[in-house]
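Next comes data.txt, a file with compact mmCIF, C-alpha atoms.
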# COMPACT_ATOMS: atom_id res chain seq x y z
CA MET A 162 -36.64 212.81 -1.07
CA GLU A 163 -39.65 210.79 -0.01
CA ILE A 164 -40.70 207.38 -1.28
CA SER A 165 -44.24 206.04 -1.31
CA LYS A 166 -44.88 202.81 0.54
CA GLU A 167 -45.94 201.01 -2.63
CA ALA A 168 -42.83 202.18 -4.50
CA ARG A 169 -40.59 200.99 -1.68
CA THR A 170 -42.28 197.58 -1.59
CA ARG A 171 -41.78 197.13 -5.35
CA LEU A 172 -38.16 198.14 -5.06
CA ASP A 173 -37.50 195.78 -2.14
CA ASN A 174 -39.27 192.93 -3.93
CA ARG A 175 -37.04 193.30 -6.98
CA VAL A 176 -33.89 193.31 -4.84
CA SER A 177 -35.15 190.20 -3.01
CA ARG A 178 -35.79 188.44 -6.32
CA ILE A 179 -32.25 189.17 -7.49
CA VAL A 180 -30.54 188.04 -4.29
CA SER A 181 -32.71 184.93 -4.00
CA ASP A 182 -30.53 183.55 -6.83
CA ILE A 183 -27.29 184.73 -5.25
CA ASP A 184 -25.92 181.98 -3.09
CA VAL A 185 -23.16 183.53 -1.03
CA TYR A 186 -22.41 184.06 2.64
CA GLU A 187 -24.96 186.08 4.58
CA SER A 188 -22.64 189.05 5.18
CA ASP A 189 -21.85 189.30 1.44
CA LYS A 190 -25.55 188.94 0.66
CA GLN A 191 -26.48 191.79 3.01
CA GLU A 192 -23.87 193.98 1.34
CA ILE A 193 -25.34 193.21 -2.11
CA ILE A 194 -28.89 193.90 -0.86
CA ARG A 195 -27.82 197.29 0.51
CA GLU A 196 -25.98 198.24 -2.66
CA LEU A 197 -28.76 197.17 -5.06
CA THR A 198 -31.37 198.91 -2.92
CA SER A 199 -29.27 202.06 -3.07
CA HIS A 200 -28.89 201.64 -6.86
CA PHE A 201 -32.61 201.27 -7.59
CA TYR A 202 -33.44 204.04 -5.13
CA ASP A 203 -30.99 206.43 -6.83
CA SER A 204 -32.26 205.58 -10.34
CA SER A 205 -35.89 206.04 -9.26
CA MET A 206 -34.99 209.28 -7.49
CA THR A 207 -33.40 210.68 -10.67
CA ARG A 208 -36.57 209.84 -12.57
CA ALA A 209 -38.80 211.46 -9.93
CA GLN A 210 -36.61 214.58 -9.99
CA THR A 211 -36.81 214.74 -13.80
CA ARG A 212 -40.58 214.95 -13.61
CA GLY A 213 -40.27 217.60 -10.90
CA SER A 214 -41.45 215.52 -7.98
CA SER A 215 -39.89 215.28 -4.54
CA CYS A 216 -41.46 211.89 -3.93
CA ILE A 217 -40.59 208.58 -5.59
CA GLU A 218 -43.85 207.02 -6.74
CA LYS A 219 -44.75 203.54 -7.91
CA GLU A 220 -44.54 204.67 -11.57
CA ASP A 221 -40.92 205.79 -11.12
CA VAL A 222 -39.84 202.45 -9.70
CA ASP A 223 -41.85 200.55 -12.33
CA ALA A 224 -40.20 202.50 -15.15
CA ILE A 225 -36.74 201.85 -13.72
CA LEU A 226 -37.43 198.16 -13.15
CA ALA A 227 -38.82 197.79 -16.68
CA GLU A 228 -35.48 199.05 -18.05
CA SER A 229 -33.50 196.90 -15.66
CA GLU A 230 -32.26 193.46 -16.62
CA ASP A 231 -33.67 190.08 -15.75
CA PRO A 232 -33.05 189.43 -12.02
CA ALA A 233 -31.61 185.98 -12.77
CA ALA A 234 -29.10 187.49 -15.24
CA ILE A 235 -27.91 190.00 -12.63
CA ALA A 236 -27.61 187.22 -10.04
CA ALA A 237 -25.65 185.03 -12.47
CA GLU A 238 -23.09 187.79 -13.06
CA TYR A 239 -22.70 188.26 -9.31
CA MET A 240 -22.08 184.54 -8.89
CA LYS A 241 -19.48 184.55 -11.66
CA SER A 242 -17.56 187.39 -10.04
CA PHE A 243 -17.90 185.73 -6.63
CA VAL A 244 -16.49 182.41 -7.77
CA ASN A 245 -13.65 184.06 -9.69
CA SER A 246 -12.63 186.00 -6.60
CA LEU A 247 -12.12 182.86 -4.51
CA ASP A 248 -8.87 180.95 -4.36
CA ARG A 249 -9.05 177.35 -5.65
CA ALA A 250 -7.90 174.75 -3.14
CA GLY A 251 -4.79 172.87 -4.24
CA VAL A 252 -3.78 169.26 -3.91
CA VAL A 253 -2.02 169.73 -0.52
CA SER A 254 -4.93 171.26 1.43
CA ARG A 255 -7.38 168.88 -0.19
CA THR A 256 -5.27 165.83 0.67
CA ILE A 257 -4.94 166.96 4.28
CA ALA A 258 -8.73 167.46 4.43
CA PHE A 259 -9.22 163.96 2.97
CA VAL A 260 -6.89 162.35 5.53
CA VAL A 261 -8.72 164.16 8.35
CA ASP A 262 -11.99 162.92 6.87
CA LEU A 263 -10.76 159.35 6.66
CA LEU A 264 -9.72 159.34 10.32
CA THR A 265 -12.95 161.01 11.43
CA MET A 266 -14.98 158.60 9.34
CA LEU A 267 -13.19 155.59 10.85
CA ILE A 268 -14.23 156.82 14.29
CA ALA A 269 -17.77 157.40 12.99
CA VAL A 270 -17.88 153.89 11.49
CA PHE A 271 -16.66 152.39 14.75
CA ALA A 272 -19.32 154.33 16.69
CA VAL A 273 -22.06 153.26 14.28
CA LEU A 274 -21.03 149.60 14.48
CA LEU A 275 -21.07 149.76 18.25
CA LEU A 276 -24.51 151.34 18.20
CA LEU A 277 -25.80 148.66 15.83
CA THR A 278 -24.24 145.78 17.74
CA LEU A 279 -24.72 146.58 21.42
CA PRO A 280 -28.55 146.59 21.47
CA LEU A 281 -28.61 143.18 19.73
CA LEU A 282 -26.05 141.45 21.93
CA PRO A 283 -28.56 140.20 24.53
CA PHE A 284 -30.35 138.28 21.75
CA PHE A 285 -27.20 136.53 20.60
CA PRO A 286 -25.19 135.82 23.74
CA GLY A 287 -21.59 134.95 22.99
CA SER A 288 -22.04 135.29 19.24
CA ILE A 289 -19.59 138.13 18.77
CA VAL A 290 -16.81 136.24 20.51
CA ILE A 291 -17.47 133.16 18.38
CA ASN A 292 -17.62 135.20 15.15
CA THR A 293 -14.57 137.28 15.65
CA THR A 294 -12.30 134.57 16.92
CA GLY A 295 -13.64 131.79 14.75
CA ASN A 296 -13.60 129.35 17.68
CA HIS A 297 -16.63 127.38 16.57
CA ASP A 298 -17.36 124.40 18.72
CA SER A 299 -18.57 121.70 16.33
CA THR A 300 -20.04 119.61 19.14
CA MET A 301 -22.50 122.30 20.06
CA SER A 302 -24.80 122.40 17.03
CA ALA A 303 -27.32 124.74 18.66
CA VAL A 304 -24.63 127.30 19.34
CA SER A 305 -23.28 126.83 15.81
CA PHE A 306 -26.67 127.54 14.31
CA THR A 307 -27.11 130.64 16.47
CA SER A 308 -23.65 131.81 15.59
CA ALA A 309 -24.22 131.29 11.85
CA LEU A 310 -27.50 133.19 12.04
CA SER A 311 -26.02 136.00 14.10
CA SER A 312 -23.00 136.10 11.81
CA ALA A 313 -25.26 136.64 8.79
CA ILE A 314 -27.35 139.26 10.60
CA PHE A 315 -24.32 141.14 11.85
CA THR A 316 -22.58 140.97 8.46
CA ILE A 317 -25.60 142.53 6.76
CA LEU A 318 -26.09 145.08 9.53
CA TRP A 319 -22.43 146.04 9.61
CA SER A 320 -22.16 146.34 5.81
CA MET A 321 -25.23 148.53 5.73
CA GLY A 322 -23.92 150.57 8.64
CA ILE A 323 -20.54 151.11 6.99
CA LEU A 324 -22.07 152.03 3.62
CA ALA A 325 -24.61 154.37 5.24
CA THR A 326 -21.87 156.10 7.24
CA ILE A 327 -19.71 156.63 4.15
CA VAL A 328 -22.68 157.93 2.14
CA ILE A 329 -23.84 160.22 4.93
CA TYR A 330 -20.33 161.43 5.66
CA PHE A 331 -19.22 162.26 2.13
CA VAL A 332 -22.41 162.64 0.08
CA VAL A 333 -25.09 163.93 2.44
CA LEU A 334 -22.90 166.26 4.51
CA GLU A 335 -21.23 167.73 1.43
CA GLY A 336 -24.48 167.95 -0.52
CA ARG A 337 -26.21 169.72 2.34
CA PHE A 338 -23.46 172.03 3.64
CA GLY A 339 -20.86 172.11 0.88
CA PHE A 340 -18.15 170.71 3.16
CA THR A 341 -17.16 167.65 5.19
CA PRO A 342 -15.60 168.01 8.68
CA GLY A 343 -12.12 167.78 7.08
CA LYS A 344 -12.91 170.52 4.59
CA TRP A 345 -14.44 172.63 7.33
CA LEU A 346 -11.26 172.33 9.36
CA LEU A 347 -9.16 173.44 6.38
CA GLY A 348 -11.60 176.24 5.45
CA LEU A 349 -12.57 174.60 2.16
CA ARG A 350 -15.91 174.63 0.41
CA VAL A 351 -17.32 172.75 -2.56
CA LEU A 352 -19.24 174.85 -5.11
CA LYS A 353 -20.61 174.40 -8.63
CA ASP A 354 -18.24 175.85 -11.22
CA ASP A 355 -20.68 178.77 -11.67
CA GLY A 356 -20.37 179.60 -7.99
CA THR A 357 -23.73 178.23 -6.84
CA ARG A 358 -24.21 175.65 -4.12
CA ILE A 359 -23.90 171.97 -4.92
CA ASN A 360 -26.84 169.61 -4.43
CA TYR A 361 -26.96 165.94 -3.41
CA VAL A 362 -26.62 164.66 -6.99
CA ASP A 363 -23.49 166.78 -7.58
CA SER A 364 -22.11 165.53 -4.29
CA LEU A 365 -22.86 161.89 -5.19
CA LEU A 366 -21.19 162.28 -8.59
CA ARG A 367 -18.01 163.93 -7.34
CA ASN A 368 -17.67 161.42 -4.48
CA LEU A 369 -18.16 158.27 -6.57
CA PRO A 370 -14.49 157.19 -6.32
CA LYS A 371 -14.72 157.34 -2.51
CA LEU A 372 -17.97 155.37 -2.46
CA LEU A 373 -16.62 152.70 -4.77
CA GLY A 374 -13.69 152.35 -2.40
CA SER A 375 -11.20 151.76 -5.19
CA SER A 376 -7.84 153.23 -4.27
CA SER A 377 -6.59 153.09 -7.86
CA LEU A 378 -9.62 155.06 -9.04
CA LEU A 379 -9.04 157.59 -6.23
CA ALA A 380 -5.40 157.95 -7.25
CA LEU A 381 -6.21 158.29 -10.95
CA ASP A 382 -8.91 160.85 -10.19
CA ALA A 383 -6.48 162.94 -8.11
CA LEU A 384 -3.72 162.51 -10.69
CA LEU A 385 -5.97 164.05 -13.33
CA MET A 386 -6.16 167.16 -11.13
CA VAL A 387 -2.40 167.45 -10.94
CA ILE A 388 -1.73 166.74 -14.61
CA LEU A 389 -4.73 167.69 -16.73
CA PHE A 390 -6.96 170.07 -14.77
CA ARG A 391 -4.28 171.91 -12.84
CA LYS A 392 -5.55 175.38 -13.83
CA ASP A 393 -9.03 174.81 -12.40
CA GLN A 394 -7.77 172.49 -9.64
CA GLN A 395 -10.43 169.91 -10.42
CA ARG A 396 -10.30 166.15 -9.96
CA GLY A 397 -11.65 164.05 -12.83
CA PHE A 398 -14.95 163.59 -11.01
CA ASP A 399 -15.05 167.31 -10.18
CA LYS A 400 -14.96 167.89 -13.92
CA ILE A 401 -17.82 165.43 -14.46
CA ALA A 402 -19.93 166.92 -11.65
CA ARG A 403 -18.87 170.45 -12.65
CA THR A 404 -17.77 171.21 -9.10
CA ILE A 405 -14.82 173.13 -7.68
CA VAL A 406 -13.20 173.34 -4.23
CA VAL A 407 -12.32 176.81 -2.93
CA HIS A 408 -10.78 178.40 0.14
CA LYS A 409 -13.90 180.05 1.50
CA ASP A 410 -12.10 183.01 3.04
CA LYS A 411 -9.14 183.43 0.72
CA LYS A 412 -9.50 185.93 -2.09
CA SER A 413 -7.47 185.20 -5.20
CA GLY A 414 -6.48 188.85 -5.67
CA GLY A 415 -4.40 188.86 -2.50
CA ALA A 416 -5.29 192.09 -0.70
CA HIS A 417 -8.95 192.53 0.05
CA PRO A 418 -9.41 195.98 1.53
CA HIS A 419 -12.71 196.56 3.25
CA ILE A 420 -13.38 199.93 4.74
CA GLY A 421 -16.47 201.21 6.53
CA MET B 169 -26.50 191.59 -39.23
CA GLN B 170 -27.28 194.26 -36.61
CA GLU B 171 -27.82 191.46 -34.12
CA ASP B 172 -24.31 190.17 -34.74
CA ILE B 173 -22.85 193.65 -34.40
CA ASP B 174 -24.73 194.17 -31.12
CA LYS B 175 -23.35 190.88 -29.82
CA TRP B 176 -19.81 191.89 -30.76
CA LEU B 177 -20.30 195.36 -29.28
CA LYS B 178 -21.53 193.84 -26.03
CA GLU B 179 -18.33 191.85 -25.67
CA LEU B 180 -16.26 194.90 -26.55
CA LYS B 181 -18.03 196.99 -23.91
CA LYS B 182 -17.66 194.22 -21.37
CA GLY B 183 -13.95 194.15 -22.06
CA SER B 184 -13.64 197.88 -21.45
CA THR B 185 -15.75 198.06 -18.27
CA LYS B 186 -12.73 198.02 -15.98
CA LEU B 187 -11.03 200.75 -18.00
CA SER B 188 -14.15 202.94 -17.97
CA ILE B 189 -14.81 202.50 -14.24
CA LEU B 190 -11.22 203.07 -13.18
CA SER B 191 -10.98 206.15 -15.44
CA LEU B 192 -14.00 207.69 -13.71
CA LEU B 193 -12.75 206.79 -10.23
CA HIS B 194 -9.44 208.43 -11.09
CA SER B 195 -11.16 211.82 -10.78
CA GLY B 196 -12.74 211.03 -7.39
CA ASP B 197 -14.68 208.55 -5.24
CA LYS B 198 -18.06 207.56 -6.67
CA TYR B 199 -21.00 205.28 -5.82
CA GLY B 200 -22.43 202.67 -8.20
CA TYR B 201 -25.33 204.57 -9.73
CA GLU B 202 -23.19 207.69 -10.08
CA LEU B 203 -20.60 205.67 -12.02
CA ILE B 204 -23.21 204.16 -14.36
CA HIS B 205 -24.94 207.52 -14.91
CA GLU B 206 -21.77 209.54 -15.40
CA LEU B 207 -20.37 207.01 -17.83
CA GLU B 208 -23.46 207.31 -19.98
CA VAL B 209 -23.46 211.12 -19.86
CA ARG B 210 -19.74 211.57 -20.47
CA SER B 211 -19.67 209.10 -23.36
CA GLY B 212 -22.72 210.72 -24.98
CA GLY B 213 -24.72 207.55 -24.46
CA VAL B 214 -22.25 205.35 -26.35
CA ILE B 215 -20.95 203.53 -23.30
CA THR B 216 -23.74 202.25 -21.11
CA ILE B 217 -23.25 199.62 -18.48
CA LYS B 218 -26.01 197.73 -16.75
CA GLU B 219 -26.29 196.59 -13.15
CA SER B 220 -25.22 193.05 -14.04
CA ASN B 221 -22.02 194.40 -15.52
CA ALA B 222 -21.19 197.25 -13.14
CA TYR B 223 -21.67 195.79 -9.65
CA PRO B 224 -20.12 192.34 -10.13
CA ALA B 225 -17.20 194.08 -11.92
CA LEU B 226 -16.75 196.41 -8.95
CA HIS B 227 -16.85 193.40 -6.64
CA THR B 228 -14.14 191.66 -8.67
CA MET B 229 -12.03 194.82 -8.81
CA GLU B 230 -12.30 195.13 -5.05
CA SER B 231 -11.17 191.52 -4.63
CA ASP B 232 -8.26 192.25 -6.95
CA GLY B 233 -7.27 195.27 -4.83
CA LEU B 234 -7.85 197.78 -7.66
CA VAL B 235 -10.54 199.66 -5.74
CA GLU B 236 -11.69 199.84 -2.14
CA SER B 237 -15.12 200.70 -0.81
CA TYR B 238 -16.80 202.42 2.09
CA TRP B 239 -20.40 203.17 3.07
CA LYS B 240 -21.56 206.74 3.48
CA GLU B 241 -24.86 208.23 4.66
CA SER B 242 -26.45 210.29 1.88
CA GLY B 243 -29.12 212.38 3.54
CA GLU B 244 -32.46 211.94 5.19
CA GLY B 245 -34.63 209.25 3.68
CA ILE B 246 -31.97 208.19 1.20
CA PRO B 247 -30.36 204.76 1.76
CA PRO B 248 -26.61 204.82 2.46
CA ARG B 249 -24.40 204.55 -0.63
CA LYS B 250 -21.39 202.36 -1.21
CA TYR B 251 -18.55 204.53 -2.51
CA TYR B 252 -15.57 203.23 -4.43
CA ARG B 253 -12.07 204.65 -4.32
CA ILE B 254 -9.22 203.77 -6.69
CA THR B 255 -6.16 202.29 -4.95
CA SER B 256 -2.53 202.86 -5.94
CA LYS B 257 -2.56 199.40 -7.53
CA GLY B 258 -5.67 200.50 -9.45
CA ARG B 259 -3.93 203.66 -10.68
CA GLU B 260 -0.97 201.66 -11.88
CA PHE B 261 -3.29 199.21 -13.62
CA LEU B 262 -5.23 202.08 -15.22
CA SER B 263 -2.15 203.73 -16.71
CA GLY B 264 -1.06 200.35 -18.08
CA MET B 265 -4.50 199.80 -19.62
CA ILE B 266 -4.58 203.28 -21.19
CA ARG B 267 -1.13 202.72 -22.69
CA GLU B 268 -2.16 199.38 -24.18
CA TRP B 269 -5.55 200.74 -25.33
CA LYS B 270 -3.86 203.54 -27.29
CA ARG B 271 -1.41 201.10 -28.79
CA TYR B 272 -4.28 198.80 -29.80
CA VAL B 273 -6.39 201.58 -31.34
CA LYS B 274 -3.37 202.80 -33.29
CA ALA B 275 -2.71 199.27 -34.52
CA ILE B 276 -6.32 198.86 -35.69
CA ASP B 277 -6.12 202.28 -37.38
CA ASP B 278 -2.97 201.18 -39.14
CA ILE B 279 -4.64 197.98 -40.37
CA TRP B 280 -7.55 199.95 -41.83
CA GLY B 281 -5.18 202.45 -43.40
CA VAL B 282 -3.22 199.69 -45.08
CA THR B 283 -6.08 197.49 -46.31
CA ASP B 284 -8.69 199.83 -47.74
CA GLY B 285 -7.75 203.36 -46.83
CA ASN B 286 -10.72 203.59 -44.48
CA LYS B 287 -8.93 205.88 -42.05

Starting from the coordinates I provided, produce the structure as structure tokens.
Amino acid sequence: MEISKEARTRLDNRVSRIVSDIDVYESDKQEIIRELTSHFYDSSMTRAQTRGSSCIEKEDVDAILAESEDPAAIAAEYMKSFVNSLDRAGVVSRTIAFVVDLLTMLIAVFAVLLLLTLPLLPFFPGSIVINTTGNHDSTMSAVSFTSALSSAIFTILWSMGILATIVIYFVVLEGRFGFTPGKWLLGLRVLKDDGTRINYVDSLLRNLPKLLGSSSLLALDALLMVILFRKDQQRGFDKIARTIVVHKDKKSGGAHPHIG
Amino acid sequence: MQEDIDKWLKELKKGSTKLSILSLLHSGDKYGYELIHELEVRSGGVITIKESNAYPALHTMESDGLVESYWKESGEGIPPRKYYRITSKGREFLSGMIREWKRYVKAIDDIWGVTDGNK
């Protein structure tokens, strides 16, 4: 069976439109592309054969695509099945990931503070020693003024540095990639509850307790996951942001045979 | 009214997709389009499933270990096809579903028979 160039282009375009809304790993995506291509090819081929032709023409593909569903609807069903097939991450793996993240972030914060401080040291000689030890010498008013000024500058700089590191670490990294270094290490991934990727706003929402730095809020949020949202394994702020955390390689059905 | 019935029917068909697919695979390995086409032909056009229902369902069933898949070349110029094969877990699941289906249909029949004799 032959296929005209125009027919093939139309077919490929439709498949591309469907998978453009399917946000899964590249290998899964390629598998879906191959299967949908085969599906539309076979349907068009049946139509060509019915009209006694041995070549799939543009009209065959058009007729098949006209009967086919909305590409976004097909993609949405794929995403639903994808997200249902993944194992939700429980409180143990998520806590371990969080502890790893906290330690990594502390190192990152330390590195950022060093980077912010070292280049400015030549302008404020001795200021760090005075600030950190509190050994102000009241007889040296010039030094006191410099130390007060540098103290203010460093306090602002350091606060901004710490806040920026926390935001970048938890919100930007997760919003961009769907995981933090801790989650990556544990093989976890954050997704929307419909299986699509999260964006920066989702990431900001679900990470609010971490940004606010309130340990009681963090504990309450996690407690909600254990008590109230155990089935979906969602923290309170996961529920608000409509996000879930999954094991990216673990299928919930157990065995996942893959032949060929 | 027809709109409501169509909506209900859609849900009913969705609920029986697994049963239909596994029943067809019970008689031999099949690829996606073949499954969709054969289902329509064998049910006299009553049971039709669309791409959005068939392929994601097959994906889920594969994750659940009810079916397994393999790619096979189909001939010159034809793209390779993904074939599905029922597993032993799938067979067990199918016989359980058929048993429950029959029980359910009988129960519904009994309800009709009792209430208005519409049997």

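The coordinates place atom CA of Leu381 of chain A at 8.1 Å from atom CA of Gly397 of chain A.
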
Checklist entry - Mind listing as a list in words which residues of chain B are within 7 Å of chain A, counting only C-alpha atoms? => result Gly200, Tyr201, Glu219, Ser220, Pro224, Ala225, His227, Thr228, Glu230, Ser231, Asp232, Gly233, Glu236, Ser237, Tyr238, Trp239, Gly245, Ile246, Pro247, Pro248, Arg249 and Lys250 of chain B

Checklist entry - At what distance in Å, to one decimal, does atom CA of Ile323 of chain A lie from atom CA of Leu267 of chain A? => result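 Distance between the two atoms: 9.4 Å.
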
Checklist entry - Between atom CA of Leu226 of chain A and atom CA of Glu208 of chain B, what is the spacing in Å? => result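 Straight-line distance from atom CA of Glu208 of chain B to atom CA of Leu226 of chain A works out to 18.0 Å.
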